[in-house]
$ cat structure_12.cif   # mmCIF, C-alpha atoms
data_target
loop_
_atom_site.label_atom_id
_atom_site.label_comp_id
_atom_site.auth_asym_id
_atom_site.auth_seq_id
_atom_site.Cartn_x
_atom_site.Cartn_y
_atom_site.Cartn_z
CA MET A 1 8.29 14.73 7.02
CA THR A 2 5.36 12.87 5.51
CA THR A 3 1.86 12.35 6.83
CA LEU A 4 1.04 8.86 8.09
CA THR A 5 -1.60 7.64 5.64
CA LEU A 6 -4.27 4.96 6.04
CA HIS A 7 -2.14 2.73 3.79
CA ASP A 8 0.84 3.26 6.10
CA LEU A 9 -1.28 2.34 9.12
CA ASN A 10 -2.34 -0.86 7.38
CA LYS A 11 1.21 -2.16 6.94
CA VAL A 12 1.53 -3.44 10.51
CA ASP A 13 -0.84 -3.55 13.44
CA CYS A 14 -1.30 -0.43 15.54
CA LEU A 15 -2.98 0.59 18.78
CA ARG A 16 -6.26 2.27 17.88
CA PHE A 17 -7.84 4.56 20.50
CA LEU A 18 -11.38 5.78 19.81
CA PHE A 19 -12.71 8.50 22.09
CA ASP A 20 -15.86 10.64 21.83
CA GLY A 21 -16.47 13.01 24.72
CA ALA A 22 -18.53 16.05 25.67
CA PHE A 23 -17.19 19.43 24.59
CA ASP A 24 -18.64 22.75 25.73
CA SER A 25 -17.58 25.24 23.06
CA GLY A 26 -19.68 27.93 24.74
CA LYS A 27 -16.83 28.46 27.19
CA GLY A 28 -14.42 29.14 24.34
CA VAL A 29 -12.58 26.59 22.23
CA GLU A 30 -9.11 27.28 23.59
CA PRO A 31 -9.93 27.08 27.33
CA GLU A 32 -11.98 23.94 26.71
CA LEU A 33 -9.26 22.24 24.69
CA VAL A 34 -6.25 23.13 26.88
CA PRO A 35 -6.80 20.15 29.28
CA PHE A 36 -6.91 17.84 26.26
CA LEU A 37 -3.54 19.08 24.98
CA GLU A 38 -2.02 19.17 28.47
CA ALA A 39 -2.85 15.49 28.96
CA LEU A 40 -1.47 14.61 25.52
CA GLU A 41 1.79 16.48 26.14
CA GLU A 42 2.22 14.97 29.60
CA HIS A 43 1.46 11.33 28.81
CA ALA A 44 2.29 10.68 25.13
CA GLY A 45 6.02 10.44 25.79
CA ASP A 46 7.91 8.80 22.92
CA TRP A 47 4.92 8.90 20.57
CA MET A 48 4.05 12.59 20.97
CA PRO A 49 2.88 14.06 17.62
CA THR A 50 5.43 16.36 16.03
CA PHE A 51 3.36 18.34 13.56
CA VAL A 52 -0.14 19.71 12.97
CA LYS A 53 -1.80 19.47 9.58
CA THR A 54 -4.88 20.95 7.91
CA SER A 55 -4.40 22.60 4.51
CA ARG A 56 -0.80 23.25 5.57
CA ARG A 57 1.66 21.64 7.95
CA ARG A 58 3.18 23.23 11.03
CA LYS A 59 5.50 22.02 13.76
CA TYR A 60 3.48 21.02 16.81
CA SER A 61 2.76 23.79 19.32
CA ARG A 62 -0.32 25.10 21.08
CA ASP A 63 -0.32 28.09 18.75
CA ALA A 64 -0.17 25.78 15.71
CA VAL A 65 -3.23 23.92 17.03
CA TRP A 66 -5.21 27.15 17.52
CA ARG A 67 -4.31 28.30 14.01
CA ALA A 68 -5.32 24.96 12.51
CA ILE A 69 -8.68 25.04 14.29
CA GLU A 70 -9.42 28.51 12.94
CA GLU A 71 -8.43 27.51 9.40
CA ARG A 72 -10.96 24.66 9.36
CA ARG A 73 -13.64 26.29 11.49
CA ASP A 74 -17.22 26.76 10.34
CA ASP A 75 -20.61 27.02 12.06
CA TYR A 76 -20.64 23.31 12.85
CA GLY A 77 -17.14 22.72 14.16
CA SER A 78 -13.55 22.19 13.15
CA SER A 79 -11.08 19.39 12.52
CA LEU A 80 -7.34 18.88 12.28
CA GLY A 81 -4.71 16.18 12.30
CA LEU A 82 -1.73 15.63 14.58
CA PHE A 83 0.98 13.40 13.21
CA ARG A 84 4.35 11.83 13.85
CA SER A 85 6.36 10.28 11.01
CA GLU A 86 9.20 8.87 13.11
CA ASN A 87 8.94 5.50 14.81
CA PRO A 88 6.50 5.05 16.46
CA GLY A 89 4.25 6.64 13.86
CA VAL A 90 1.17 8.53 14.99
CA SER A 91 -2.03 9.70 13.35
CA LEU A 92 -4.48 11.60 15.54
CA ALA A 93 -7.64 12.97 13.90
CA LEU A 94 -9.40 15.50 16.13
CA SER A 95 -12.89 16.77 15.35
CA LEU A 96 -14.74 19.40 17.39
CA GLY A 97 -18.50 19.84 17.21
CA PHE A 98 -19.88 23.27 18.10
CA THR A 99 -23.62 22.85 17.51
CA GLN A 100 -25.95 22.48 20.49
CA GLU A 101 -27.49 19.36 18.96
CA GLU A 102 -24.17 17.53 18.64
CA PRO A 103 -21.41 19.23 20.64
CA GLY A 104 -18.48 16.96 21.13
CA LEU A 105 -14.82 16.11 20.90
CA SER A 106 -13.98 13.14 18.71
CA VAL A 107 -10.54 11.50 18.66
CA ARG A 108 -9.27 8.78 16.34
CA LEU A 109 -5.74 7.97 17.49
CA SER A 110 -3.46 5.35 15.93
CA VAL A 111 0.03 4.57 17.22
CA GLN A 112 2.12 2.21 15.08
CA PRO A 113 3.51 -0.37 15.59
CA LEU A 114 1.46 -2.13 18.25
CA SER A 115 4.69 -3.81 19.39
CA PHE A 116 5.69 -0.44 20.88
CA PHE A 117 3.22 -1.30 23.64
CA SER A 118 4.91 -4.57 24.57
CA GLU A 119 6.35 -2.87 27.66
CA GLU A 120 4.08 -1.91 30.53
CA LYS A 121 5.76 1.48 30.87
CA ALA A 122 4.56 2.54 27.41
CA CYS A 123 1.06 1.26 28.19
CA LEU A 124 0.87 3.31 31.39
CA GLY A 125 1.05 6.44 29.24
CA ILE A 126 -2.04 5.45 27.24
CA VAL A 127 -3.88 4.52 30.43
CA ALA A 128 -3.02 7.87 32.03
CA LEU A 129 -4.10 9.71 28.89
CA ALA A 130 -7.41 7.86 28.77
CA ARG A 131 -7.98 8.60 32.45
CA ALA A 132 -7.33 12.31 31.97
CA TRP A 133 -9.52 12.67 28.88
CA ALA A 134 -12.38 10.59 30.28
CA SER A 135 -12.34 12.55 33.56
CA ARG A 136 -12.51 15.90 31.73
CA TYR A 137 -14.70 15.10 28.70
CA LEU A 138 -17.54 12.75 29.67
CA ALA A 139 -17.70 9.85 27.21
CA PRO A 140 -20.47 7.24 26.91
CA HIS A 141 -17.87 4.67 25.83
CA ALA A 142 -14.28 4.68 24.58
CA SER A 143 -11.65 2.03 23.92
CA ALA A 144 -8.06 1.33 22.89
CA HIS A 145 -7.15 -1.95 21.22
CA SER A 146 -5.29 -3.68 18.39
CA SER A 147 -6.55 -2.33 15.08
CA ALA A 148 -6.40 -5.78 13.49
CA ASP A 149 -8.38 -7.47 16.25
CA ARG A 150 -10.86 -4.60 16.29
CA GLN A 151 -11.53 -5.25 12.62
CA LEU A 152 -12.39 -8.85 13.47
CA THR A 153 -14.94 -7.75 16.08
CA ASP A 154 -17.00 -6.31 13.22
CA SER A 155 -16.78 -9.47 11.15
CA PRO A 156 -19.90 -11.69 10.81
CA ALA A 157 -17.50 -14.64 10.84
CA PHE A 158 -16.88 -13.94 14.51
CA GLY A 159 -20.48 -13.55 15.59
CA ARG A 160 -21.12 -9.90 14.82
CA ASP A 161 -24.03 -8.74 12.72
CA ASP A 162 -26.29 -5.72 12.44
CA ALA A 163 -28.91 -7.33 14.65
CA THR A 164 -26.56 -7.45 17.63
CA TRP A 165 -24.55 -4.29 17.04
CA LYS A 166 -26.50 -1.10 17.66
CA PRO A 167 -25.75 1.56 15.05
CA ASP A 168 -26.80 4.35 17.41
CA GLY A 169 -24.34 3.68 20.19
CA PHE A 170 -22.61 1.23 22.51
CA ASP A 171 -25.76 0.54 24.56
CA LYS A 172 -24.58 -2.87 25.77
CA ILE A 173 -21.16 -4.43 26.30
CA TYR A 174 -20.95 -6.35 23.04
CA GLU A 175 -17.18 -6.41 23.16
CA LEU A 176 -14.36 -5.83 25.63
CA PHE A 177 -11.15 -4.23 24.44
CA TRP A 178 -7.71 -3.95 26.01
CA LEU A 179 -8.65 -0.56 27.49
CA ASN A 180 -12.27 0.44 28.06
CA ILE A 181 -14.02 3.52 29.36
CA PHE A 182 -17.64 3.02 30.37
CA GLY A 183 -19.79 6.12 30.86
CA PRO A 184 -22.17 6.46 33.84
CA LYS A 185 -25.23 5.22 31.89
CA LEU A 186 -23.47 2.07 30.74
CA VAL A 187 -22.10 1.51 34.25
CA GLU A 188 -25.57 1.77 35.77
CA SER A 189 -27.04 -0.56 33.14
CA VAL A 190 -24.55 -3.23 34.19
CA GLY A 191 -24.61 -2.33 37.89
CA ARG A 192 -21.88 -0.26 39.45
CA GLU A 193 -20.97 -2.91 42.02
CA ARG A 194 -20.70 -5.59 39.34
CA MET A 195 -18.68 -3.30 37.10
CA LEU A 196 -16.20 -2.43 39.86
CA SER A 197 -15.74 -6.11 40.75
CA THR A 198 -14.74 -7.11 37.21
CA PRO A 199 -11.73 -9.49 37.18
CA ALA A 200 -9.22 -7.39 35.22
CA HIS A 201 -5.76 -5.85 35.47
CA LEU A 202 -7.19 -2.43 36.38
CA VAL A 203 -10.68 -1.29 37.36
CA GLU A 204 -10.92 2.34 38.42
CA GLU A 205 -13.88 4.58 39.14
CA LEU A 206 -13.44 8.11 37.79
CA PRO A 207 -14.74 11.28 39.51
CA ASN A 208 -17.57 11.76 36.98
CA GLY A 209 -18.98 8.26 37.55
CA SER A 210 -17.27 6.63 34.56
CA VAL A 211 -15.20 3.46 34.98
CA LEU A 212 -11.80 2.79 33.43
CA LEU A 213 -11.09 -0.89 32.83
CA VAL A 214 -7.84 -2.39 31.51
CA LEU A 215 -7.85 -6.14 30.83
CA TRP A 216 -4.14 -6.90 30.67
CA PRO A 217 -0.90 -5.10 31.57
CA THR A 218 0.31 -4.71 27.97
CA ALA A 219 -1.70 -3.93 24.86
CA ALA A 220 0.58 -5.83 22.46
CA GLU A 221 -0.06 -9.18 24.19
CA PHE A 222 -3.84 -9.10 23.66
CA ALA A 223 -3.82 -12.28 21.53
CA GLY A 224 -1.95 -14.50 24.01
CA ASP A 225 -4.04 -17.29 25.51
CA GLU A 226 -3.80 -15.98 29.07
CA ALA A 227 -4.92 -12.56 27.91
CA ARG A 228 -7.80 -14.10 25.95
CA VAL A 229 -8.94 -16.09 29.01
CA ALA A 230 -8.86 -12.90 31.07
CA GLN A 231 -10.82 -11.11 28.35
CA ALA A 232 -13.48 -13.84 28.27
CA ARG A 233 -13.80 -13.91 32.08
CA ALA A 234 -14.24 -10.16 32.28
CA HIS A 235 -16.76 -10.12 29.44
CA VAL A 236 -18.88 -12.89 30.91
CA HIS A 237 -18.71 -11.19 34.32
CA LEU A 238 -20.22 -8.05 32.78
CA ARG A 239 -22.62 -10.04 30.60
CA PRO A 240 -23.81 -13.05 32.64
CA ASP A 241 -26.09 -14.01 29.76
CA LEU A 242 -23.04 -14.98 27.68
CA ASP A 243 -21.47 -18.44 27.66
CA PHE A 244 -17.82 -18.42 28.74
CA ASP A 245 -16.73 -21.32 26.52
CA LYS A 246 -18.34 -19.77 23.44
CA VAL A 247 -16.81 -16.35 24.12
CA LEU A 248 -13.36 -17.85 24.68
CA ARG A 249 -13.64 -20.00 21.56
CA THR A 250 -14.42 -16.93 19.46
CA LEU A 251 -11.48 -15.02 20.96
CA ARG A 252 -9.12 -17.90 20.27
CA GLU A 253 -10.36 -18.10 16.69
CA ARG A 254 -9.55 -14.43 16.30
CA SER A 255 -6.07 -14.98 17.69
CA ALA A 256 -5.55 -17.84 15.25
CA ALA A 257 -6.67 -15.62 12.36
CA LEU A 258 -4.01 -13.08 13.32
CA ALA A 259 -1.17 -15.57 13.92
CA PRO A 260 1.74 -14.82 11.54
CA VAL A 261 1.99 -16.99 8.42
CA GLU A 262 5.37 -17.14 6.70
CA PRO A 263 5.12 -16.32 2.97
CA ARG A 264 6.10 -19.35 0.85
CA PHE A 265 4.96 -18.29 -2.61
CA HIS A 266 5.59 -20.33 -5.73
CA PRO A 267 8.84 -18.99 -7.26
CA ASP A 268 7.21 -18.25 -10.63
CA VAL A 269 4.78 -15.78 -9.03
CA ALA A 270 6.73 -14.80 -5.90
CA PRO A 271 7.93 -11.45 -7.34
CA PHE A 272 4.27 -10.54 -7.90
CA PHE A 273 2.67 -12.18 -4.86
CA SER A 274 5.20 -10.74 -2.40
CA ARG A 275 3.69 -7.29 -3.03
CA MET A 276 0.09 -8.30 -2.45
CA PRO A 277 -0.23 -8.90 1.33
CA ASP A 278 0.01 -5.22 2.30
CA GLU A 279 -3.07 -4.52 0.18
CA PHE A 280 -5.28 -6.64 2.43
CA ALA A 281 -6.69 -5.47 5.75
CA ILE A 282 -4.43 -6.50 8.62
CA SER A 283 -7.15 -8.76 10.00
CA GLU A 284 -7.31 -10.70 6.70
CA ARG A 285 -3.64 -10.66 5.81
CA GLN A 286 -2.47 -13.94 7.36
CA ARG A 287 -5.35 -15.88 5.83
CA LYS A 288 -4.60 -14.34 2.45
CA ILE A 289 -0.91 -15.21 2.74
CA ALA A 290 -1.88 -18.83 3.45
CA GLU A 291 -4.13 -18.82 0.36
CA LEU A 292 -1.35 -17.37 -1.79
CA ASN A 293 1.11 -19.94 -0.39
CA ALA A 294 -1.21 -22.69 -1.59
CA PHE A 295 -1.57 -21.21 -5.09
CA ARG A 296 0.12 -23.26 -7.80
CA PRO A 297 0.10 -21.65 -11.25
CA GLN A 298 -0.56 -23.88 -14.21
CA PRO A 299 2.26 -23.99 -16.79
CA PRO A 300 1.66 -21.46 -19.58
CA GLU A 301 -0.08 -22.94 -22.62
CA GLU A 302 0.61 -20.01 -24.94
CA TRP A 303 3.56 -21.60 -26.81
CA LEU A 304 4.34 -23.86 -29.75
CA PRO A 305 7.20 -26.31 -30.30
CA VAL A 306 7.76 -25.06 -33.84
CA ALA A 307 7.09 -21.63 -35.30
CA HIS A 308 4.46 -21.17 -37.98
CA PRO A 309 6.04 -19.45 -40.95
CA SER A 310 5.41 -15.76 -41.28
CA ASP A 311 2.63 -14.88 -43.73
CA VAL A 312 2.98 -11.08 -43.80
CA THR A 313 4.28 -9.28 -46.87
CA HIS A 314 5.50 -6.10 -45.15
CA PRO A 315 7.00 -7.16 -41.78
CA GLU A 316 8.47 -3.71 -41.13
CA ARG A 317 4.96 -2.21 -41.18
CA VAL A 318 3.68 -4.84 -38.77
CA LEU A 319 6.58 -4.27 -36.38
CA GLU A 320 5.97 -0.54 -36.59
CA SER A 321 2.32 -1.10 -35.65
CA TYR A 322 3.44 -3.24 -32.70
CA ASP A 323 5.77 -0.44 -31.59
CA ASP A 324 2.86 2.00 -31.75
CA LEU A 325 0.71 -0.32 -29.66
CA SER A 326 3.45 -0.81 -27.07
CA GLU A 327 4.15 2.92 -26.88
CA GLY A 328 0.45 3.54 -26.37
CA LEU A 329 0.48 1.31 -23.30
CA VAL A 330 3.57 3.10 -21.98
CA ALA A 331 1.92 6.49 -22.51
CA LEU A 332 -1.21 5.32 -20.69
CA LEU A 333 0.47 3.76 -17.66
CA HIS A 334 3.88 5.41 -17.21
CA THR A 335 2.64 7.54 -14.30
CA GLU A 336 1.18 4.65 -12.31
CA VAL A 337 3.87 2.16 -13.43
CA PRO A 338 7.09 4.14 -14.10
CA SER A 339 9.15 1.01 -14.81
CA ILE A 340 7.04 0.31 -17.90
CA MET A 341 9.33 2.69 -19.80
CA LYS A 342 12.24 0.25 -19.40
CA ALA A 343 10.57 -2.93 -20.73
CA THR A 344 12.19 -5.17 -18.12
CA PRO A 345 11.02 -8.31 -16.28
CA GLU A 346 10.45 -6.04 -13.26
CA SER A 347 8.09 -3.91 -15.33
CA LEU A 348 5.98 -7.00 -16.02
CA THR A 349 5.73 -7.66 -12.29
CA ASP A 350 4.79 -4.02 -11.72
CA LEU A 351 2.07 -4.36 -14.36
CA ASP A 352 0.80 -7.55 -12.72
CA PHE A 353 0.50 -5.74 -9.42
CA HIS A 354 -1.07 -2.61 -10.92
CA PHE A 355 -3.71 -4.51 -12.90
CA TRP A 356 -4.54 -6.68 -9.88
CA LYS A 357 -4.64 -3.82 -7.37
CA THR A 358 -6.90 -1.68 -9.59
CA HIS A 359 -9.15 -4.59 -10.68
CA PHE A 360 -8.36 -3.48 -14.22
CA PRO A 361 -10.35 -6.12 -16.17
CA GLU A 362 -13.47 -5.26 -14.18
CA ARG A 363 -13.17 -1.50 -14.59
CA TYR A 364 -13.38 -1.41 -18.38
CA THR A 365 -15.76 -2.77 -20.99
CA ARG A 366 -14.79 -5.67 -23.20
CA ASP A 367 -14.74 -3.29 -26.17
CA VAL A 368 -12.01 -1.22 -24.51
CA LEU A 369 -10.05 -4.26 -23.36
CA ASP A 370 -10.31 -6.18 -26.64
CA GLY A 371 -9.86 -3.16 -28.85
CA HIS A 372 -7.05 -1.36 -27.03
CA THR A 373 -5.61 -2.82 -23.83
CA ILE A 374 -5.05 -6.43 -24.90
CA PRO A 375 -3.35 -5.67 -28.25
CA ALA A 376 -1.12 -3.07 -26.59
CA LEU A 377 -0.24 -5.42 -23.75
CA GLY A 378 0.52 -8.27 -26.16
CA ALA A 379 2.86 -6.05 -28.15
CA TYR A 380 4.60 -4.86 -24.99
CA LEU A 381 4.98 -8.42 -23.64
CA GLY A 382 6.47 -9.53 -26.95
CA GLU A 383 8.88 -6.59 -26.89
CA VAL A 384 10.14 -7.63 -23.43
CA LEU A 385 10.76 -11.18 -24.71
CA VAL A 386 12.70 -9.78 -27.65
CA ARG A 387 14.75 -7.26 -25.71
CA ARG A 388 15.47 -9.25 -22.55
CA LEU A 389 15.58 -12.85 -23.80
CA GLY A 390 17.01 -12.32 -27.25
CA GLY A 391 13.74 -13.34 -28.87
CA THR A 392 12.78 -12.96 -32.52
CA TRP A 393 9.35 -11.99 -33.86
CA VAL A 394 7.63 -14.43 -36.19
CA LEU A 395 4.84 -12.26 -37.59
CA ARG A 396 1.41 -13.43 -38.70
CA GLN A 397 -1.47 -11.62 -40.37
CA LYS A 398 -3.76 -12.74 -37.56
CA ARG A 399 -2.20 -10.81 -34.69
CA GLU A 400 -3.02 -13.34 -31.98
CA GLU A 401 -0.98 -15.93 -33.88
CA SER A 402 2.16 -13.76 -33.95
CA GLN A 403 5.01 -15.41 -32.09
CA VAL A 404 8.31 -14.66 -30.44
CA ARG A 405 10.96 -17.35 -30.81
CA VAL A 406 13.00 -17.81 -27.60
CA GLY A 407 15.41 -20.71 -27.67
CA THR A 408 13.65 -23.97 -28.44
CA ARG A 409 10.09 -22.66 -28.23
CA VAL A 410 7.92 -19.96 -29.75
CA TRP A 411 5.63 -17.92 -27.51
CA LEU A 412 2.29 -16.26 -28.19
CA PRO A 413 2.24 -12.93 -26.27
CA PHE A 414 -1.04 -11.65 -27.75
CA LEU A 415 -2.87 -14.85 -26.82
CA ARG A 416 -1.40 -14.66 -23.31
CA ALA A 417 -2.55 -11.03 -22.99
CA ARG A 418 -6.11 -11.96 -23.99
CA ARG A 419 -6.36 -14.77 -21.44
CA TYR A 420 -4.70 -12.56 -18.82
CA MET A 421 -7.30 -9.80 -19.15
CA GLN A 422 -10.36 -12.04 -18.83
CA SER A 423 -10.93 -11.43 -15.11
CA HIS A 424 -9.34 -10.42 -11.83
CA GLN A 425 -8.58 -14.07 -11.09
CA ALA A 426 -7.02 -14.50 -14.54
CA LEU A 427 -4.42 -11.91 -13.58
CA LEU A 428 -3.15 -14.45 -11.05
CA ASP A 429 -3.65 -17.55 -13.19
CA CYS A 430 -1.93 -16.08 -16.25
CA SER A 431 0.50 -13.55 -14.79
CA LEU A 432 2.98 -11.79 -17.02
CA THR A 433 5.71 -12.55 -14.48
CA GLN A 434 5.17 -16.30 -14.73
CA PHE A 435 5.02 -16.17 -18.53
CA PHE A 436 8.39 -14.41 -18.75
CA LEU A 437 10.09 -16.72 -16.25
CA GLU A 438 8.83 -19.80 -18.11
CA ALA A 439 10.05 -18.44 -21.43
CA ALA A 440 13.44 -17.63 -19.88
CA ARG A 441 13.95 -21.32 -19.10
CA TYR A 442 14.06 -22.10 -22.84
CA ARG A 443 16.57 -19.43 -23.74
CA THR A 444 19.65 -21.02 -25.34
#

$ encode --input "structure_12.cif" --output "structure tokens"
Amino acid sequence: MTTLTLHDLNKVDCLRFLFDGAFDSGKGVEPELVPFLEALEEHAGDWMPTFVKTSRRRKYSRDAVWRAIEERRDDYGSSLGLFRSENPGVSLALSLGFTQEEPGLSVRLSVQPLSFFSEEKACLGIVALARAWASRYLAPHASAHSSADRQLTDSPAFGRDDATWKPDGFDKIYELFWLNIFGPKLVESVGRERMLSTPAHLVEELPNGSVLLVLWPTAAEFAGDEARVAQARAHVHLRPDLDFDKVLRTLRERSAALAPVEPRFHPDVAPFFSRMPDEFAISERQRKIAELNAFRPQPPEEWLPVAHPSDVTHPERVLESYDDLSEGLVALLHTEVPSIMKATPESLTDLDFHFWKTHFPERYTRDVLDGHTIPALGAYLGEVLVRRLGGTWVLRQKREESQVRVGTRVWLPFLRARRYMQSHQALLDCSLTQFFLEAARYRT
């Protein structure tokens, strides 16, 4: 089994439940935490975590939880992770604060994919869990919602900025989520009668004075227009100072930003571009796919119709130096890009992705790039043309003028490498993948 990482959780949308409640460690950690685990075991159902992880991993059990807490315990608190690798995947980060100044129980729960909560039965489990935790551990505010849409609530593009979002707490209802828990202070600030009369799927007063509010029967349908209208009505009901049309317009804009966009990448960069979307935040991904769909690479200019004659007197020495350069690149990157050892078209795509993902041209000085990376990359690119397209080196004393003859054209791999490494954008404009595919068209 593997731990569900942040990168895994970013692949598709998930239900994100944030809960911070009171925790009295003076009564003993185990007695205080038992109700938390009882509620989890009773209501999680098909997404119940299967293992506990701190410095080591154990199969889930109460005893495993107690051991994990002791392993990570210090004077201030303890933390551990509960996970599930099977579908649906689960990541639950639990932090316990023991100090008198900041005692508390903090939960960051993600269940992936969000589509798991398309059925009301699955959603009832989350609602029951929230009810149980909020009734036992008093929380000023808690919520469960789409991770992607939650990201958009923090975006200035959708009306959020530091002036309207208090860094020290949820002191006003700036946003409504699919599931909300409002603590007694927040309820009283709105007015208990107004809070309990909110037009929503579920409004329930809890024994400790908190209110549980669920906007829509299913969490996965949050972006549908009916659900957005219900969200706007409930929000404006709780915040009469807000304008309904403006709130609804913002919600619809968020739904549009999350609407799926089918990838239609240009074929010369598709092998490279198809790997990029998962690297963007879920909330940005569809917009980025649309931008990549619109991208049209310019035809490579690093070629000549006729080869310049070679002007080197010892070609075997030059080729040996090129081999050394290429091997240096392989030695440097073989761990991050294992396919580089095979000198295939796929290895060029893997290099494109690696350099783009790591912002390679921006991480190193021009001296390093010009003196080491670019010559090594040019030699490697030329080697791929020779080995995979039947190319022939035409060597020149000035390295950037050295060519590889493929069919009816000669190609300049060192010049391409220099232009490629100019910037992060140049990695897209002058990709190695596109260069190879263009050269392949002229193979006889």

$ closest_residue --input "structure_12.cif" --among "A:Leu332, A:Val236, A:Ala144, A:Ala22" --to "Leu96 (chain A)" --atoms "all atoms listed in the file"
A:Ala22

$ residues_around --input "structure_12.cif" --residues "Gly104 (chain A)" --least-positions-apart "5" --cutoff "9 Å" --atoms "all atoms listed in the file" --output "CSV table (one decimal) with C-alpha atoms, in the frame of the given file"
chain,number,residue,atom,x,y,z
A,20,ASP,CA,-15.9,10.6,21.8
A,21,GLY,CA,-16.5,13.0,24.7
A,22,ALA,CA,-18.5,16.0,25.7
A,23,PHE,CA,-17.2,19.4,24.6
A,24,ASP,CA,-18.6,22.8,25.7
A,25,SER,CA,-17.6,25.2,23.1
A,95,SER,CA,-12.9,16.8,15.4
A,96,LEU,CA,-14.7,19.4,17.4
A,97,GLY,CA,-18.5,19.8,17.2
A,98,PHE,CA,-19.9,23.3,18.1
A,99,THR,CA,-23.6,22.8,17.5
A,137,TYR,CA,-14.7,15.1,28.7

$ closest_residue --input "structure_12.cif" --among "A:Pro315, A:Ile374, A:Pro199, A:Ala417" --to "Trp393 (chain A)" --atoms "all atoms listed in the file"
A:Pro315

$ atom_distance --input "structure_12.cif" --atom1 "CA of Ala440 (chain A)" --atom2 "CA of Glu279 (chain A)"
29.1 Å

$ resolve_selection --input "structure_12.cif" --expression "the PyMOL selection byres ((chain A and resi 38) around 12)" --output "list in words"
Glu30, Pro31, Glu32, Leu33, Val34, Pro35, Phe36, Leu37, Ala39, Leu40, Glu41, Glu42, His43, Ala44, Met48, Ser61, Arg62, Ala128, Leu129, Ala132, Trp133 and Arg136 of chain A

$ residues_around --input "structure_12.cif" --residues "region 214-222 of chain A" --least-positions-apart "6" --cutoff "6 Å" --atoms "all atoms listed in the file" --output "mmCIF file with C-alpha atoms, keeping the file's coordinate frame"
data_model
loop_
_atom_site.group_PDB
_atom_site.id
_atom_site.type_symbol
_atom_site.label_atom_id
_atom_site.label_comp_id
_atom_site.auth_asym_id
_atom_site.auth_seq_id
_atom_site.Cartn_x
_atom_site.Cartn_y
_atom_site.Cartn_z
ATOM 1 C CA LEU A 114 1.460 -2.130 18.250
ATOM 2 C CA SER A 115 4.690 -3.810 19.390
ATOM 3 C CA PHE A 117 3.220 -1.300 23.640
ATOM 4 C CA SER A 118 4.910 -4.570 24.570
ATOM 5 C CA GLU A 120 4.080 -1.910 30.530
ATOM 6 C CA TRP A 178 -7.710 -3.950 26.010
ATOM 7 C CA LEU A 179 -8.650 -0.560 27.490
ATOM 8 C CA ALA A 200 -9.220 -7.390 35.220
ATOM 9 C CA HIS A 201 -5.760 -5.850 35.470
ATOM 10 C CA LEU A 202 -7.190 -2.430 36.380
#

$ resolve_selection --input "structure_12.cif" --expression "the PyMOL selection byres ((chain A and resi 299-311) around 7)" --output "PyMOL selection string"
chain A and resi 297-298+312-313+394-397+409-412+415-416+435

$ residues_around --input "structure_12.cif" --residues "Asp350 (chain A)" --least-positions-apart "6" --cutoff "10 Å" --atoms "only C-alpha atoms" --output "PDB file with C-alpha atoms, in the coordinates of the input"
ATOM      1  CA  PRO A 271       7.930 -11.450  -7.340  1.00  0.00           C
ATOM      2  CA  PHE A 272       4.270 -10.540  -7.900  1.00  0.00           C
ATOM      3  CA  ARG A 275       3.690  -7.290  -3.030  1.00  0.00           C
ATOM      4  CA  GLU A 336       1.180   4.650 -12.310  1.00  0.00           C
ATOM      5  CA  VAL A 337       3.870   2.160 -13.430  1.00  0.00           C
ATOM      6  CA  PRO A 338       7.090   4.140 -14.100  1.00  0.00           C
ATOM      7  CA  SER A 339       9.150   1.010 -14.810  1.00  0.00           C
ATOM      8  CA  ILE A 340       7.040   0.310 -17.900  1.00  0.00           C
ATOM      9  CA  THR A 344      12.190  -5.170 -18.120  1.00  0.00           C
ATOM     10  CA  TRP A 356      -4.540  -6.680  -9.880  1.00  0.00           C
ATOM     11  CA  LEU A 432       2.980 -11.790 -17.020  1.00  0.00           C
ATOM     12  CA  THR A 433       5.710 -12.550 -14.480  1.00  0.00           C
TER      13      THR A 433
END

$ closest_residue --input "structure_12.cif" --among "A:Leu212, A:Val187, A:Leu437, A:Leu242" --to "Ile126 (chain A)" --atoms "all atoms listed in the file"
A:Leu212

$ closest_residue --input "structure_12.cif" --among "A:Leu248, A:Ala130, A:Leu18, A:Met276" --to "His354 (chain A)" --atoms "all atoms listed in the file"
A:Met276

$ closest_residue --input "structure_12.cif" --among "A:Arg131, A:Arg388, A:Arg56, A:Lys11" --to "Glu346 (chain A)" --atoms "all atoms listed in the file"
A:Arg388

$ atom_distance --input "structure_12.cif" --atom1 "CA of Leu186 (chain A)" --atom2 "CA of Ser283 (chain A)"
28.5 Å

$ residues_around --input "structure_12.cif" --residues "Pro49 (chain A)" --least-positions-apart "5" --cutoff "8 Å" --atoms "only C-alpha atoms" --output "list of chain:residue names"
A:Tyr60, A:Leu82, A:Phe83, A:Arg84, A:Val90, A:Ser91

$ write_last_selection --input "structure_12.cif" --atoms "C-alpha atoms" --output "short mmCIF file (atom, residue, chain, number, x, y, z; two decimals), in the coordinates of the input"
data_model
loop_
_atom_site.label_atom_id
_atom_site.label_comp_id
_atom_site.auth_asym_id
_atom_site.auth_seq_id
_atom_site.Cartn_x
_atom_site.Cartn_y
_atom_site.Cartn_z
CA TYR A 60 3.48 21.02 16.81
CA LEU A 82 -1.73 15.63 14.58
CA PHE A 83 0.98 13.40 13.21
CA ARG A 84 4.35 11.83 13.85
CA VAL A 90 1.17 8.53 14.99
CA SER A 91 -2.03 9.70 13.35
#
